[in-house]
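One structure is given below, encoded as structure tokens.
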Amino acid sequence: MENILNQRAKIITISILTFMLILFNSFIYAFDKFVTPIIMKTGDAQIRSKVTEIINRNTTRIYNKTCDYNKIIQIDKDKDDNIVMIKADTIKLNKLACDIALESQYDIEKLGKIGIKMPIGYALKNNILAYLGPNITIKMEQIGSVETRYVSKFESAGINQTRHTIGILVKTKVRVMIPMAYDDIEIKNEIPVVETIIVGKVPNSAFQLDLKNSGFKVP
């Protein structure tokens, strides 16, 4: 009788353990299949937002401290006040691009080491549980250098008036990591750095900006 009870106890124990193992594996599968992609997508958006904020902040701070349009762009006119040449100071532009790239790369690397903590309720887009549940730590590492290059645009702003805008395009690639997955994303952001209205007719032969080779890539 005692042997029968022991066998039944073993069978019950094995059944409970098997059921718990199946339940645990089902939970892991469901989490990986349905929840992980949502968390990954939210993590990508959070990291993209933070990196863009870093780039914008560094660009604004460095530009305001070092540059203005008249120091970067030179407009030459003839004796009749006609525009004969518009040229850029590529040395100043490259210095600006270099400072932005280096400062941004440093701040992005620092952010990657610290990571971002996010409640699982927020990742699941549940308004009621947005600030509840365990925190998920989103880590990040750079898998590409920060690159900067310039974009120059001319557009009509009225009769004999031309709006000239120079923007800086900042590009980098990062790996966003959560405990069960990772994703590689490319982040691009174009920020206008200088803008002015040029009064007078601007002939096509006057443009000598040569911005194609201006910019910087962190080694």
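Please note that chains go A, B, ... in the order of the structure tokens, that every chain numbers its residues from 1, and that ligands are numbered from 1 in the order shown.
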Please run DSSP on the backbone and report, as number ranges by chain, all residues within region 42-176 of chain A that come out as strand (DSSP E).
A: 73-77, 83-88, 116-119, 135-142, 147-158, 161-176
Give one line per residue of region 44-82 of chain A that approaches region 189-195 of chain A to at most 12 Å, naming the two atoms of the closest pair and their distance in Å to one decimal, counting only C-alpha atoms; sort by chain then ascending residue number and deliver it as CSV.
residue,atom,partner,partner_atom,distance
A:Arg48,CA,A:Asn189,CA,10.2
A:Ser49,CA,A:Asn189,CA,10.7
A:Val51,CA,A:Asn189,CA,9.7
A:Thr52,CA,A:Asn189,CA,6.8
A:Glu53,CA,A:Asn189,CA,9.9
A:Ile54,CA,A:Asn189,CA,10.8
A:Ile55,CA,A:Asn189,CA,7.9
A:Asn56,CA,A:Ile191,CA,7.2
A:Arg57,CA,A:Ile191,CA,10.5
A:Asn58,CA,A:Ile191,CA,11.0
A:Thr59,CA,A:Ile191,CA,7.9
A:Thr60,CA,A:Val193,CA,7.8
A:Arg61,CA,A:Val193,CA,10.9
A:Ile62,CA,A:Val193,CA,10.3
A:Tyr63,CA,A:Val193,CA,7.2
A:Asn64,CA,A:Val193,CA,9.1
A:Thr66,CA,A:Val193,CA,11.5
A:Cys67,CA,A:Val194,CA,8.9
A:Asp68,CA,A:Val194,CA,6.9
A:Tyr69,CA,A:Val194,CA,5.6
A:Asn70,CA,A:Val194,CA,9.4
A:Lys71,CA,A:Val194,CA,10.4
A:Ile72,CA,A:Val194,CA,8.7
A:Ile73,CA,A:Val194,CA,9.4
Please list as a count of residues only every residue within 9 Å of Ile178 (chain A), counting only C-alpha atoms and excluding residues in the same chain fewer than 4 positions away.
11
Interatomic distance, CA of Lys65 (chain A) to CA of Ile143 (chain A) (Å, one decimal):
29.8 Å
Can you tell me, as a PyMOL selection string, what residues are no more than 7 Å from Asn82 (chain A) when counting only C-alpha atoms, ignoring any on the same chain fewer than 3 positions away?
chain A and resi 77-78+200
Any idea what the distance is between CA of Lys117 (chain A) and CA of Val146 (chain A)?
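Separating CA of Lys117 (chain A) from CA of Val146 (chain A) is a distance of 24.4 Å.
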Of the listed residues A:Phe154, A:Met20, A:Met177, A:Ile11, that which approaches Ile86 (chain A) most closely, counting only C-alpha atoms:
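Under the stated criterion, the closest residue is A:Phe154.
Across the structure, CA of Ala157 (chain A) and CA of Ile91 (chain A) are spaced 28.6 Å apart.
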Just want the 9 Å neighbourhood of Lys201 (chain A), counted on only C-alpha atoms, with same-chain residues fewer than 3 positions away dropped. Output as an MDAnalysis selection string.
chainID A and resid 82:83 159:162 198
Residues as selected, all heavy atoms, written as a compact mmCIF listing (two decimals), in the first residue's frame, can you do that?
# COMPACT_ATOMS: atom_id res chain seq x y z
N ASN A 82 26.14 94.72 -57.52
CA ASN A 82 25.65 93.44 -58.03
C ASN A 82 26.48 92.30 -57.43
O ASN A 82 27.70 92.42 -57.27
CB ASN A 82 25.75 93.39 -59.56
CG ASN A 82 24.85 94.42 -60.22
OD1 ASN A 82 23.70 94.58 -59.82
ND2 ASN A 82 25.38 95.13 -61.22
N ILE A 83 25.82 91.21 -57.13
CA ILE A 83 26.52 90.07 -56.54
C ILE A 83 27.34 89.37 -57.61
O ILE A 83 26.82 89.00 -58.67
CB ILE A 83 25.50 89.09 -55.91
CG1 ILE A 83 24.75 89.77 -54.76
CG2 ILE A 83 26.19 87.82 -55.41
CD1 ILE A 83 23.60 88.97 -54.21
N ILE A 159 10.96 89.33 -55.04
CA ILE A 159 11.62 89.94 -56.19
C ILE A 159 13.06 90.29 -55.82
O ILE A 159 13.32 91.04 -54.87
CB ILE A 159 10.86 91.20 -56.65
CG1 ILE A 159 9.43 90.84 -57.06
CG2 ILE A 159 11.59 91.87 -57.80
CD1 ILE A 159 8.57 92.01 -57.39
N ASN A 160 14.00 89.71 -56.58
CA ASN A 160 15.43 89.94 -56.35
C ASN A 160 15.85 89.62 -54.91
O ASN A 160 16.76 90.25 -54.36
CB ASN A 160 15.82 91.38 -56.69
CG ASN A 160 15.97 91.56 -58.20
OD1 ASN A 160 16.10 90.60 -58.94
ND2 ASN A 160 15.91 92.80 -58.63
N GLN A 161 15.18 88.64 -54.31
CA GLN A 161 15.55 88.21 -52.97
C GLN A 161 15.67 86.68 -52.96
O GLN A 161 14.81 85.98 -53.50
CB GLN A 161 14.52 88.66 -51.93
CG GLN A 161 14.49 90.16 -51.70
CD GLN A 161 13.57 90.55 -50.56
OE1 GLN A 161 12.73 89.76 -50.13
NE2 GLN A 161 13.71 91.76 -50.07
N THR A 162 16.73 86.20 -52.34
CA THR A 162 16.99 84.77 -52.28
C THR A 162 17.26 84.35 -50.85
O THR A 162 18.09 84.97 -50.17
CB THR A 162 18.20 84.39 -53.16
OG1 THR A 162 17.99 84.85 -54.50
CG2 THR A 162 18.43 82.89 -53.17
N ILE A 198 19.37 87.08 -49.15
CA ILE A 198 20.31 87.81 -50.00
C ILE A 198 19.50 88.73 -50.92
O ILE A 198 18.64 88.27 -51.67
CB ILE A 198 21.17 86.83 -50.83
CG1 ILE A 198 21.95 85.88 -49.91
CG2 ILE A 198 22.13 87.60 -51.73
CD1 ILE A 198 22.66 84.77 -50.67
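With only C-alpha atoms as the atoms that count, the minimum distance from Gln46 (chain A) to the choices A:Gly158, A:Gly115, A:Pro134, A:Gly144 is reached by A:Gly115.
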Using only C-alpha atoms, the shortest atom-to-atom distance to Ala181 (chain A) among A:Lys10, A:Lys113, A:Lys41, A:Lys153 belongs to A:Lys41
